[in-house]
Amino acid sequence: MPKFFLQTFGCQMNVNDSEKVAGLLMADGYERAARAEEADFVFINTCAVREKAAEKLYHAVGRLKGLKRRRPGLRIGVGGCVAQLHGAAVLRRAPAVDVLVGPRNLARVPALLRRVRAEPRSMIDLDRRADSFDVPSSAVAHSSPVRAYVTVMEGCNHVCSFCVVPRTRGPEACRPARHVVAEVASLVARGFPEVMLLGQTVNAYRDGDVDFAGLLRLVHDVPGLERLRFTTSHPGHVTPRLADALRDLPRVCPYLHLPVQSGSDRILASMRRGYTRRQYVETVALLRGRVGDLALSSDVIVGYPGEAEADFQATMDLVDEVGFEGLFVFAYSPRPGTTAFRLRDDLPEEEKRRRVAVLNGHQQRLQQRRNAARVGSRAQVLVDAIAGPGRVAGRTPHFRIVHFAGSGELLGRTVEVEITAAGPNSLTGRLPIDSLTGASSAPIL
Ligand code: SAM
Ligand code: F3S
């Protein structure tokens with residue numbers, strides 16, 4: 001049997017795209033190789049969001065060049081956002097690449113691979129109008145046995161000044177709700193306790209009369225589903241209906257990733273995010289007012305063109321004001337083809353790095369304090385990973401990571417765990433003595 005090896009950079013959507021490529025290759029008679037050295041086909045799924053992420057493609061192909069010389073039968077495929085953004089230039093810079101596909105053309109990988117095996121030339125498919133959902137859900141080779149990703153919408157209709165995604169993934173396209181529900185039902189039947197719905201602006205989802213809150217209600221009612229998550233939400237599409245769905249649907253987890261990007265109105269306007277700082281804070285208030293105990297995480301870009309110290313301070317203040325459970329801090333990276341690319345990238349890399357470190361340090365201290373207050377409480381943990389010999393890890397409904405002693409049999413099971421220690425990024429716990437009797441006196445997180 002021929003073998004394939006996949007390397008994935010970037011977001012969960014890329015992970016899900018790679019899972020689709022893996023499944024399609026398996027249906028085409030390939031099996032998975034443990035290492036690139038054993039593979040007949042290596043597929044690199046790329047991310048173009050920041051320059052450093054994009055450069056990883058060329059480093060990865062550089063490493064494979066020697067392998068290809070030793071094994072002339074090896075074929076190399078490149079997919080994802082760098083393929084779409086750089087197009088044929090990828091082949092000029094990395095001539096070892098045989099197959100090049102955009103994020104919407106992944107279903108074509110097996111066919112293109114068959115053709116490059118027959119004809120000695122590279123194959124390209126970058127048609128952004130293609131239907132990226134054209135992969136049967138039964139063909140997806142999920143990488144986790146616990147959390148299954150389901151892409152419900154592709155592309156993005158926003159025009160954030162810094163972002164390449166609308167160029168790489170094209171305009172918004174939503175999958176029919178009935179297809180999503182059918183896929184979730186089949187995942188539950190295959191034993192997945194948790195589903196995460198994916199979209200670049202997932203809460204902008206619409207299929208006829210079904211908005212995102214409506215989709216959540218439909219998916220929530222799939223019998224046997226234990227936990228339902230979704231990402232990424234855009235603040236501009238948070239509605240009272242979404243807040244009510246989070247409050248009313250017990251299997252929808254009380255956690256939202258809500259990128260803010262900056263706490264300065266001047267920067268937000270230049271970024272074309274479509275909201276002010278005050279509107280973001282009001283959106284959070286609406287959510288917390290209705291949902292109560294809701295965990296929020298966010299993305300922030302520092303060092304955006306023209307970001308003065310006062311703008312950066314405004315972001316620091318916002319982080320204090322909102323109180324995020326987790327924060328992803330990125331140094332601004334100019335991306336060709338975006339509107340911000342025309343602005344002068346005026347902050348020295350060193351200053352960007354300083355701001356990243358200051359904000360991260362601040363956030364870590366806040367997380368440490370918040371997590372320390374959880375010691376002594378109990379949490380419902382869905383075990384999703386083996387963390388080491390005799391140790392497992394899982395997530396609480398609020399998406400907090402908990403490590404504790406346990407065996408692989410716990411994988412996929414939800415257990416009550418007593419929190420015994422806390423770090424800034426995760427909690428440590430143990431199965432309580434009374435866990436078998438179900439008695440509990442400590443507060444449940
Ligand atoms: N809606 C998307 C999602 O699924 O998260 C956002 C796109 S991007 C994959 C994720 C994050 O990368 C953004 O929220 C933003 O903070 C960051 N990002 C995007 N473009 C960037 C750039 N040019 N420089 C630095 N960070 C960037
Ligand atoms: Fe990018 Fe803004 Fe869309 S960050 S994915 S253009 S919402």
# chains A, B, ... in the order shown; residues from 1 in each chain; ligands from 1
$ select_by_dssp --residues "range 18-207 of chain A" --states "alpha helix (DSSP H)" --output "PyMOL selection string"
chain A and resi 18-27+51-70+81-86+89-93+109-118+165-169+177-189
$ residues_near_ligand --ligand "ligand 2" --cutoff "6 Å" --atoms "only C-alpha atoms and all ligand atoms" --output "list in words"
Cys156, His158, Val159, Cys160, Cys163, Val165, Pro166, Gln200 and Thr201 of chain A
$ write_last_selection --atoms "C-alpha atoms" --output "mmCIF file, in the first residue's frame"
data_model
loop_
_atom_site.group_PDB
_atom_site.id
_atom_site.type_symbol
_atom_site.label_atom_id
_atom_site.label_comp_id
_atom_site.auth_asym_id
_atom_site.auth_seq_id
_atom_site.Cartn_x
_atom_site.Cartn_y
_atom_site.Cartn_z
ATOM 1 C CA CYS A 156 -15.157 35.462 5.239
ATOM 2 C CA HIS A 158 -15.262 40.925 6.422
ATOM 3 C CA VAL A 159 -12.505 43.222 5.276
ATOM 4 C CA CYS A 160 -10.181 43.468 8.271
ATOM 5 C CA CYS A 163 -6.057 39.794 7.249
ATOM 6 C CA VAL A 165 -8.191 35.095 4.943
ATOM 7 C CA PRO A 166 -10.829 36.681 2.647
ATOM 8 C CA GLN A 200 -13.825 31.995 10.268
ATOM 9 C CA THR A 201 -16.818 33.970 11.552
#
$ atom_distance --atom1 "CA of Tyr149 in chain A" --atom2 "CA of Leu197 in chain A"
6.0 Å
$ residues_around --residues "range 374-383 of chain A" --least-positions-apart "4" --cutoff "10 Å" --atoms "only C-alpha atoms" --output "compact mmCIF listing (two decimals) with all heavy atoms, in the first residue's frame"
# COMPACT_ATOMS: atom_id res chain seq x y z
N VAL A 146 -12.10 12.11 20.37
CA VAL A 146 -13.05 12.71 21.31
C VAL A 146 -13.76 13.94 20.72
O VAL A 146 -14.98 14.06 20.76
CB VAL A 146 -12.31 13.11 22.61
CG1 VAL A 146 -13.24 13.82 23.58
CG2 VAL A 146 -11.69 11.89 23.26
N ARG A 147 -12.95 14.87 20.18
CA ARG A 147 -13.51 16.12 19.67
C ARG A 147 -13.46 16.10 18.14
O ARG A 147 -12.40 16.06 17.55
CB ARG A 147 -12.70 17.30 20.19
CG ARG A 147 -13.23 18.66 19.73
CD ARG A 147 -12.44 19.81 20.34
NE ARG A 147 -12.39 19.68 21.77
CZ ARG A 147 -11.26 19.58 22.48
NH1 ARG A 147 -10.09 19.63 21.87
NH2 ARG A 147 -11.28 19.43 23.78
N PRO A 193 -18.04 12.13 21.57
CA PRO A 193 -18.89 12.82 22.54
C PRO A 193 -18.99 14.32 22.30
O PRO A 193 -19.93 14.97 22.73
CB PRO A 193 -18.20 12.55 23.88
CG PRO A 193 -16.78 12.22 23.54
CD PRO A 193 -16.75 11.70 22.14
N GLU A 194 -17.97 14.88 21.60
CA GLU A 194 -17.93 16.36 21.47
C GLU A 194 -17.75 16.76 20.00
O GLU A 194 -16.98 16.15 19.27
CB GLU A 194 -16.76 16.92 22.29
CG GLU A 194 -16.65 18.42 22.20
CD GLU A 194 -15.58 18.99 23.12
OE1 GLU A 194 -15.55 18.61 24.31
OE2 GLU A 194 -14.79 19.82 22.64
N GLU A 226 -22.75 14.99 23.69
CA GLU A 226 -22.52 15.44 25.07
C GLU A 226 -22.14 16.91 25.13
O GLU A 226 -22.58 17.64 26.01
CB GLU A 226 -21.38 14.63 25.69
CG GLU A 226 -21.82 13.33 26.26
CD GLU A 226 -20.66 12.62 26.93
OE1 GLU A 226 -19.94 13.24 27.73
OE2 GLU A 226 -20.47 11.44 26.60
N ARG A 227 -21.25 17.32 24.23
CA ARG A 227 -20.77 18.71 24.28
C ARG A 227 -20.72 19.30 22.88
O ARG A 227 -20.27 18.64 21.95
CB ARG A 227 -19.37 18.78 24.88
CG ARG A 227 -19.35 18.53 26.38
CD ARG A 227 -17.96 18.76 26.91
NE ARG A 227 -17.93 18.58 28.36
CZ ARG A 227 -16.86 18.79 29.11
NH1 ARG A 227 -15.73 19.18 28.55
NH2 ARG A 227 -16.91 18.62 30.42
N ARG A 369 -3.87 33.99 38.77
CA ARG A 369 -4.69 34.38 39.91
C ARG A 369 -6.08 33.72 39.82
O ARG A 369 -6.59 33.17 40.78
CB ARG A 369 -4.83 35.91 39.93
CG ARG A 369 -5.13 36.44 41.31
CD ARG A 369 -5.30 37.94 41.32
NE ARG A 369 -4.24 38.68 40.68
CZ ARG A 369 -4.38 39.89 40.12
NH1 ARG A 369 -5.56 40.48 40.09
NH2 ARG A 369 -3.38 40.53 39.58
N ARG A 370 -6.65 33.79 38.62
CA ARG A 370 -8.00 33.23 38.44
C ARG A 370 -8.00 31.72 38.66
O ARG A 370 -8.87 31.16 39.31
CB ARG A 370 -8.50 33.54 37.03
CG ARG A 370 -9.77 34.37 37.03
CD ARG A 370 -10.41 34.39 35.67
NE ARG A 370 -9.47 34.71 34.62
CZ ARG A 370 -9.20 35.94 34.21
NH1 ARG A 370 -9.79 36.96 34.78
NH2 ARG A 370 -8.34 36.15 33.24
N VAL A 392 -3.65 11.59 32.31
CA VAL A 392 -4.55 11.99 31.23
C VAL A 392 -4.84 13.50 31.35
O VAL A 392 -4.53 14.12 32.38
CB VAL A 392 -5.88 11.21 31.25
CG1 VAL A 392 -5.67 9.75 30.93
CG2 VAL A 392 -6.57 11.37 32.60
N ALA A 393 -5.42 14.04 30.28
CA ALA A 393 -5.80 15.45 30.30
C ALA A 393 -7.15 15.59 29.63
O ALA A 393 -7.52 14.77 28.79
CB ALA A 393 -4.76 16.29 29.58
N GLY A 394 -7.84 16.63 30.01
CA GLY A 394 -9.14 16.88 29.39
C GLY A 394 -9.53 18.32 29.59
O GLY A 394 -8.73 19.14 30.07
N ARG A 395 -10.75 18.62 29.18
CA ARG A 395 -11.23 20.02 29.27
C ARG A 395 -12.51 20.08 30.09
O ARG A 395 -13.37 19.19 30.02
CB ARG A 395 -11.57 20.53 27.88
CG ARG A 395 -10.40 20.54 26.92
CD ARG A 395 -9.74 21.89 26.87
NE ARG A 395 -8.68 21.94 25.89
CZ ARG A 395 -8.01 23.04 25.60
NH1 ARG A 395 -8.28 24.17 26.22
NH2 ARG A 395 -7.07 23.03 24.70
N THR A 396 -12.65 21.18 30.81
CA THR A 396 -13.91 21.46 31.49
C THR A 396 -14.86 22.07 30.44
O THR A 396 -14.41 22.45 29.36
CB THR A 396 -13.71 22.48 32.62
OG1 THR A 396 -13.39 23.75 32.01
CG2 THR A 396 -12.56 22.08 33.55
N PRO A 397 -16.14 22.23 30.76
CA PRO A 397 -17.03 22.88 29.79
C PRO A 397 -16.51 24.26 29.39
O PRO A 397 -16.70 24.71 28.26
CB PRO A 397 -18.36 22.98 30.53
CG PRO A 397 -18.32 21.84 31.51
CD PRO A 397 -16.87 21.73 31.93
N HIS A 398 -15.83 24.95 30.31
CA HIS A 398 -15.30 26.29 30.02
C HIS A 398 -13.98 26.24 29.25
O HIS A 398 -13.31 27.25 29.11
CB HIS A 398 -15.10 27.08 31.32
CG HIS A 398 -16.40 27.38 32.03
ND1 HIS A 398 -17.01 26.48 32.86
CD2 HIS A 398 -17.19 28.49 32.02
CE1 HIS A 398 -18.12 27.00 33.33
NE2 HIS A 398 -18.26 28.22 32.83
N PHE A 399 -13.59 25.06 28.81
CA PHE A 399 -12.41 24.84 27.97
C PHE A 399 -11.11 24.96 28.75
O PHE A 399 -10.05 25.18 28.20
CB PHE A 399 -12.38 25.81 26.77
CG PHE A 399 -11.81 25.18 25.51
CD1 PHE A 399 -12.20 23.92 25.11
CD2 PHE A 399 -10.87 25.85 24.74
CE1 PHE A 399 -11.68 23.33 23.95
CE2 PHE A 399 -10.35 25.28 23.58
CZ PHE A 399 -10.76 24.02 23.19
N ARG A 400 -11.20 24.81 30.09
CA ARG A 400 -9.97 24.82 30.90
C ARG A 400 -9.36 23.43 30.87
O ARG A 400 -10.08 22.43 31.00
CB ARG A 400 -10.30 25.19 32.35
CG ARG A 400 -10.84 26.60 32.46
CD ARG A 400 -11.48 26.89 33.80
NE ARG A 400 -12.21 28.13 33.69
CZ ARG A 400 -13.39 28.38 34.25
NH1 ARG A 400 -14.00 27.45 34.99
NH2 ARG A 400 -13.98 29.54 34.08
N ILE A 401 -8.03 23.41 30.73
CA ILE A 401 -7.32 22.12 30.67
C ILE A 401 -7.07 21.61 32.09
O ILE A 401 -6.63 22.38 32.95
CB ILE A 401 -5.97 22.30 29.94
CG1 ILE A 401 -6.20 22.80 28.51
CG2 ILE A 401 -5.18 20.99 29.93
CD1 ILE A 401 -4.93 23.21 27.79
N VAL A 402 -7.35 20.34 32.30
CA VAL A 402 -7.08 19.72 33.60
C VAL A 402 -6.26 18.45 33.39
O VAL A 402 -6.62 17.60 32.57
CB VAL A 402 -8.39 19.36 34.35
CG1 VAL A 402 -8.07 18.81 35.74
CG2 VAL A 402 -9.31 20.56 34.45
N HIS A 403 -5.14 18.33 34.10
CA HIS A 403 -4.31 17.13 34.08
C HIS A 403 -4.56 16.34 35.36
O HIS A 403 -4.65 16.94 36.43
CB HIS A 403 -2.82 17.50 34.04
CG HIS A 403 -2.41 18.16 32.76
ND1 HIS A 403 -1.78 17.48 31.75
CD2 HIS A 403 -2.55 19.43 32.32
CE1 HIS A 403 -1.56 18.30 30.74
NE2 HIS A 403 -2.01 19.49 31.06
N PHE A 404 -4.60 15.02 35.24
CA PHE A 404 -4.71 14.21 36.46
C PHE A 404 -4.28 12.77 36.20
O PHE A 404 -4.12 12.36 35.05
CB PHE A 404 -6.13 14.28 37.05
CG PHE A 404 -7.22 13.76 36.15
CD1 PHE A 404 -7.73 12.48 36.32
CD2 PHE A 404 -7.74 14.55 35.12
CE1 PHE A 404 -8.75 12.01 35.50
CE2 PHE A 404 -8.74 14.08 34.29
CZ PHE A 404 -9.25 12.81 34.48
N GLY A 406 -4.60 9.02 35.65
CA GLY A 406 -5.67 8.17 35.13
C GLY A 406 -5.15 7.36 33.96
O GLY A 406 -4.08 7.65 33.44
N GLY A 408 -5.75 5.26 30.09
CA GLY A 408 -6.31 5.50 28.76
C GLY A 408 -7.78 5.11 28.64
O GLY A 408 -8.47 5.61 27.74
N GLU A 409 -8.25 4.26 29.56
CA GLU A 409 -9.67 3.87 29.49
C GLU A 409 -10.60 5.07 29.66
O GLU A 409 -11.76 5.02 29.30
CB GLU A 409 -10.01 2.91 30.63
CG GLU A 409 -9.51 1.51 30.45
CD GLU A 409 -9.38 0.83 31.80
OE1 GLU A 409 -10.21 1.08 32.68
OE2 GLU A 409 -8.40 0.09 31.96
N LEU A 410 -10.06 6.13 30.26
CA LEU A 410 -10.90 7.31 30.52
C LEU A 410 -11.13 8.16 29.27
O LEU A 410 -12.00 9.04 29.26
CB LEU A 410 -10.25 8.19 31.60
CG LEU A 410 -10.25 7.62 33.02
CD1 LEU A 410 -9.47 8.52 33.96
CD2 LEU A 410 -11.69 7.46 33.51
N LEU A 411 -10.35 7.91 28.23
CA LEU A 411 -10.45 8.70 27.01
C LEU A 411 -11.90 8.72 26.50
O LEU A 411 -12.51 7.66 26.31
CB LEU A 411 -9.53 8.09 25.95
CG LEU A 411 -8.90 9.02 24.93
CD1 LEU A 411 -8.07 10.11 25.60
CD2 LEU A 411 -8.02 8.23 23.96
N GLY A 412 -12.43 9.92 26.31
CA GLY A 412 -13.79 10.04 25.81
C GLY A 412 -14.85 10.04 26.90
O GLY A 412 -16.03 10.21 26.62
N ARG A 413 -14.41 9.86 28.16
CA ARG A 413 -15.39 9.84 29.25
C ARG A 413 -15.37 11.15 30.02
O ARG A 413 -14.32 11.79 30.14
CB ARG A 413 -15.10 8.68 30.20
CG ARG A 413 -15.59 7.36 29.63
CD ARG A 413 -15.29 6.22 30.53
NE ARG A 413 -15.70 6.43 31.92
CZ ARG A 413 -15.28 5.69 32.93
NH1 ARG A 413 -14.45 4.69 32.71
NH2 ARG A 413 -15.69 5.94 34.16
N THR A 414 -16.51 11.55 30.55
CA THR A 414 -16.57 12.75 31.39
C THR A 414 -16.53 12.32 32.85
O THR A 414 -17.34 11.48 33.26
CB THR A 414 -17.87 13.53 31.10
OG1 THR A 414 -17.86 13.88 29.71
CG2 THR A 414 -17.94 14.81 31.93
N VAL A 415 -15.57 12.88 33.58
CA VAL A 415 -15.44 12.52 34.99
C VAL A 415 -15.37 13.78 35.85
O VAL A 415 -14.93 14.83 35.37
CB VAL A 415 -14.18 11.66 35.26
CG1 VAL A 415 -14.37 10.24 34.79
CG2 VAL A 415 -12.94 12.27 34.64
N GLU A 416 -15.78 13.65 37.09
CA GLU A 416 -15.66 14.78 38.00
C GLU A 416 -14.27 14.76 38.62
O GLU A 416 -13.83 13.72 39.12
CB GLU A 416 -16.73 14.66 39.08
CG GLU A 416 -16.85 15.93 39.89
CD GLU A 416 -18.03 15.86 40.83
OE1 GLU A 416 -19.17 15.91 40.36
OE2 GLU A 416 -17.79 15.73 42.04
N VAL A 417 -13.59 15.87 38.56
CA VAL A 417 -12.21 15.93 39.03
C VAL A 417 -12.10 17.04 40.09
O VAL A 417 -12.68 18.12 39.94
CB VAL A 417 -11.24 16.22 37.85
CG1 VAL A 417 -9.81 16.36 38.34
CG2 VAL A 417 -11.32 15.12 36.80
N GLU A 418 -11.36 16.72 41.14
CA GLU A 418 -11.13 17.71 42.20
C GLU A 418 -9.86 18.48 41.84
O GLU A 418 -8.81 17.86 41.60
CB GLU A 418 -10.96 16.94 43.51
CG GLU A 418 -10.94 17.81 44.72
CD GLU A 418 -10.79 16.94 45.96
OE1 GLU A 418 -11.32 15.80 46.00
OE2 GLU A 418 -10.10 17.40 46.88
N ILE A 419 -9.93 19.79 41.82
CA ILE A 419 -8.78 20.60 41.42
C ILE A 419 -7.84 20.76 42.62
O ILE A 419 -8.25 21.23 43.69
CB ILE A 419 -9.22 21.99 40.90
CG1 ILE A 419 -10.25 21.84 39.76
CG2 ILE A 419 -8.02 22.82 40.46
CD1 ILE A 419 -9.80 21.02 38.57
N THR A 420 -6.58 20.38 42.42
CA THR A 420 -5.63 20.40 43.54
C THR A 420 -4.53 21.44 43.37
O THR A 420 -3.88 21.82 44.33
CB THR A 420 -4.97 19.02 43.71
OG1 THR A 420 -4.41 18.64 42.43
CG2 THR A 420 -5.97 17.97 44.15
N ALA A 421 -4.27 21.85 42.14
CA ALA A 421 -3.21 22.85 41.91
C ALA A 421 -3.52 23.61 40.64
O ALA A 421 -4.30 23.13 39.79
CB ALA A 421 -1.86 22.16 41.80
N ALA A 422 -2.89 24.78 40.50
CA ALA A 422 -3.20 25.61 39.33
C ALA A 422 -1.96 26.28 38.78
O ALA A 422 -1.11 26.77 39.55
CB ALA A 422 -4.21 26.69 39.74
N LEU A 427 -4.89 23.41 34.90
CA LEU A 427 -5.17 23.01 36.28
C LEU A 427 -4.71 21.57 36.47
O LEU A 427 -4.62 20.82 35.50
CB LEU A 427 -6.68 23.08 36.54
CG LEU A 427 -7.34 24.46 36.31
CD1 LEU A 427 -8.85 24.31 36.17
CD2 LEU A 427 -6.99 25.40 37.45
N THR A 428 -4.42 21.22 37.70
CA THR A 428 -4.10 19.83 38.01
C THR A 428 -5.14 19.35 38.99
O THR A 428 -5.63 20.12 39.82
CB THR A 428 -2.70 19.74 38.66
OG1 THR A 428 -1.78 20.39 37.78
CG2 THR A 428 -2.26 18.31 38.87
N GLY A 429 -5.49 18.06 38.87
CA GLY A 429 -6.53 17.57 39.77
C GLY A 429 -6.36 16.11 40.08
O GLY A 429 -5.35 15.50 39.74
N ARG A 430 -7.37 15.56 40.76
CA ARG A 430 -7.38 14.11 41.02
C ARG A 430 -8.84 13.66 41.06
O ARG A 430 -9.75 14.45 41.35
CB ARG A 430 -6.67 13.79 42.33
CG ARG A 430 -7.36 14.36 43.53
CD ARG A 430 -6.84 13.78 44.84
NE ARG A 430 -7.42 14.57 45.91
CZ ARG A 430 -6.71 15.25 46.81
NH1 ARG A 430 -5.40 15.23 46.78
NH2 ARG A 430 -7.32 15.97 47.73
N LEU A 431 -8.98 12.37 40.78
CA LEU A 431 -10.32 11.80 40.88
C LEU A 431 -10.65 11.72 42.36
O LEU A 431 -9.88 11.15 43.13
CB LEU A 431 -10.36 10.40 40.26
CG LEU A 431 -10.26 10.36 38.73
CD1 LEU A 431 -10.12 8.93 38.25
CD2 LEU A 431 -11.47 11.02 38.09
N PRO A 432 -11.75 12.31 42.82
CA PRO A 432 -12.03 12.30 44.25
C PRO A 432 -12.37 10.90 44.74
O PRO A 432 -12.86 10.07 43.99
CB PRO A 432 -13.22 13.25 44.38
CG PRO A 432 -13.75 13.44 43.03
CD PRO A 432 -12.73 13.01 42.03
N SER A 440 -20.80 14.75 46.33
CA SER A 440 -19.89 15.87 46.13
C SER A 440 -20.33 17.04 46.98
O SER A 440 -21.50 17.38 47.03
CB SER A 440 -19.91 16.26 44.66
OG SER A 440 -19.47 17.57 44.50
N SER A 441 -19.37 17.64 47.67
CA SER A 441 -19.73 18.80 48.48
C SER A 441 -19.11 20.08 47.93
O SER A 441 -19.59 21.18 48.18
CB SER A 441 -19.27 18.58 49.91
OG SER A 441 -17.89 18.26 49.89
N ALA A 442 -18.02 19.92 47.15
CA ALA A 442 -17.33 21.11 46.65
C ALA A 442 -18.12 21.72 45.48
O ALA A 442 -18.90 21.03 44.83
CB ALA A 442 -15.94 20.71 46.16
N PRO A 443 -17.93 23.04 45.26
CA PRO A 443 -18.64 23.65 44.13
C PRO A 443 -18.18 23.07 42.80
O PRO A 443 -17.02 22.70 42.66
CB PRO A 443 -18.26 25.13 44.23
CG PRO A 443 -17.04 25.17 45.07
CD PRO A 443 -17.09 23.98 45.98
N ILE A 444 -19.09 22.96 41.88
CA ILE A 444 -18.76 22.42 40.55
C ILE A 444 -18.42 23.59 39.63
O ILE A 444 -19.17 24.55 39.53
CB ILE A 444 -19.96 21.66 39.97
CG1 ILE A 444 -20.47 20.60 40.93
CG2 ILE A 444 -19.62 21.08 38.60
CD1 ILE A 444 -19.77 19.29 40.92
N LEU A 445 -17.27 23.51 38.94
CA LEU A 445 -16.88 24.58 38.01
C LEU A 445 -17.64 24.47 36.72
O LEU A 445 -17.78 23.39 36.17
CB LEU A 445 -15.39 24.42 37.68
CG LEU A 445 -14.42 24.96 38.69
CD1 LEU A 445 -13.01 24.76 38.17
CD2 LEU A 445 -14.66 26.45 38.90
$ select_by_dssp --residues "range 334-395 of chain A" --states "strand (DSSP E)" --output "PyMOL selection string"
chain A and resi 378-388+391-395
$ closest_residue --among "A:Ala243, A:Ala204, A:Val61, A:Ala89" --to "ligand 1" --atoms "only C-alpha atoms and all ligand atoms"
A:Ala204
$ closest_residue --among "A:Arg121, A:Arg71, A:Lys20, A:Arg344" --to "Phe133 in chain A" --atoms "only C-alpha atoms"
A:Lys20
$ closest_residue --among "A:Val78, A:Val109, A:Leu57, A:Ile301" --to "ligand 1" --atoms "only C-alpha atoms and all ligand atoms"
A:Ile301
$ residues_near_ligand --ligand "ligand 1" --cutoff "9 Å" --atoms "only C-alpha atoms and all ligand atoms" --output "PyMOL selection string"
chain A and resi 10-13+47-51+156+160-165+198-202+231-234+257-261+298-304+328-335+338+340-341
$ residues_around --residues "Ala22 in chain A" --least-positions-apart "4" --cutoff "12 Å" --atoms "only C-alpha atoms" --output "PyMOL selection string"
chain A and resi 3-8+15-18+26-33+41-45+106-107+109-110+135+138-143
$ residues_around --residues "range 310-320 of chain A" --least-positions-apart "3" --cutoff "7 Å" --atoms "only C-alpha atoms" --output "PyMOL selection string"
chain A and resi 262-264+307+323-324+359
$ residues_around --residues "Met153 in chain A" --least-positions-apart "3" --cutoff "6 Å" --atoms "only C-alpha atoms" --output "PyMOL selection string"
chain A and resi 173-175+199
$ write_last_selection --atoms "all heavy atoms" --output "PDB file, in the first residue's frame"
ATOM      1  N   ALA A 173     -19.338  31.136   2.539  1.00  0.00           N
ATOM      2  CA  ALA A 173     -20.240  30.128   1.969  1.00  0.00           C
ATOM      3  C   ALA A 173     -20.636  29.203   3.108  1.00  0.00           C
ATOM      4  O   ALA A 173     -19.776  28.676   3.815  1.00  0.00           O
ATOM      5  CB  ALA A 173     -19.530  29.340   0.879  1.00  0.00           C
ATOM      6  N   CYS A 174     -21.971  29.037   3.304  1.00  0.00           N
ATOM      7  CA  CYS A 174     -22.442  28.227   4.430  1.00  0.00           C
ATOM      8  C   CYS A 174     -22.940  26.881   3.938  1.00  0.00           C
ATOM      9  O   CYS A 174     -23.565  26.782   2.886  1.00  0.00           O
ATOM     10  CB  CYS A 174     -23.582  28.942   5.161  1.00  0.00           C
ATOM     11  SG  CYS A 174     -23.045  30.481   5.910  1.00  0.00           S
ATOM     12  N   ARG A 175     -22.688  25.881   4.728  1.00  0.00           N
ATOM     13  CA  ARG A 175     -23.172  24.543   4.410  1.00  0.00           C
ATOM     14  C   ARG A 175     -24.632  24.420   4.815  1.00  0.00           C
ATOM     15  O   ARG A 175     -25.024  24.967   5.855  1.00  0.00           O
ATOM     16  CB  ARG A 175     -22.393  23.571   5.290  1.00  0.00           C
ATOM     17  CG  ARG A 175     -21.584  22.614   4.528  1.00  0.00           C
ATOM     18  CD  ARG A 175     -20.819  21.824   5.525  1.00  0.00           C
ATOM     19  NE  ARG A 175     -21.154  20.432   5.386  1.00  0.00           N
ATOM     20  CZ  ARG A 175     -20.693  19.497   6.198  1.00  0.00           C
ATOM     21  NH1 ARG A 175     -19.926  19.818   7.215  1.00  0.00           N
ATOM     22  NH2 ARG A 175     -20.990  18.255   5.997  1.00  0.00           N
ATOM     23  N   GLY A 199     -15.821  27.894  11.662  1.00  0.00           N
ATOM     24  CA  GLY A 199     -15.999  28.887  10.604  1.00  0.00           C
ATOM     25  C   GLY A 199     -15.117  30.069  10.955  1.00  0.00           C
ATOM     26  O   GLY A 199     -14.844  30.296  12.135  1.00  0.00           O
TER      27      GLY A 199
END
$ atom_distance --atom1 "CA of Arg128 in chain A" --atom2 "CA of Gly170 in chain A"
6.1 Å
$ atom_distance --atom1 "CA of Leu91 in chain A" --atom2 "CA of Val21 in chain A"
20.6 Å
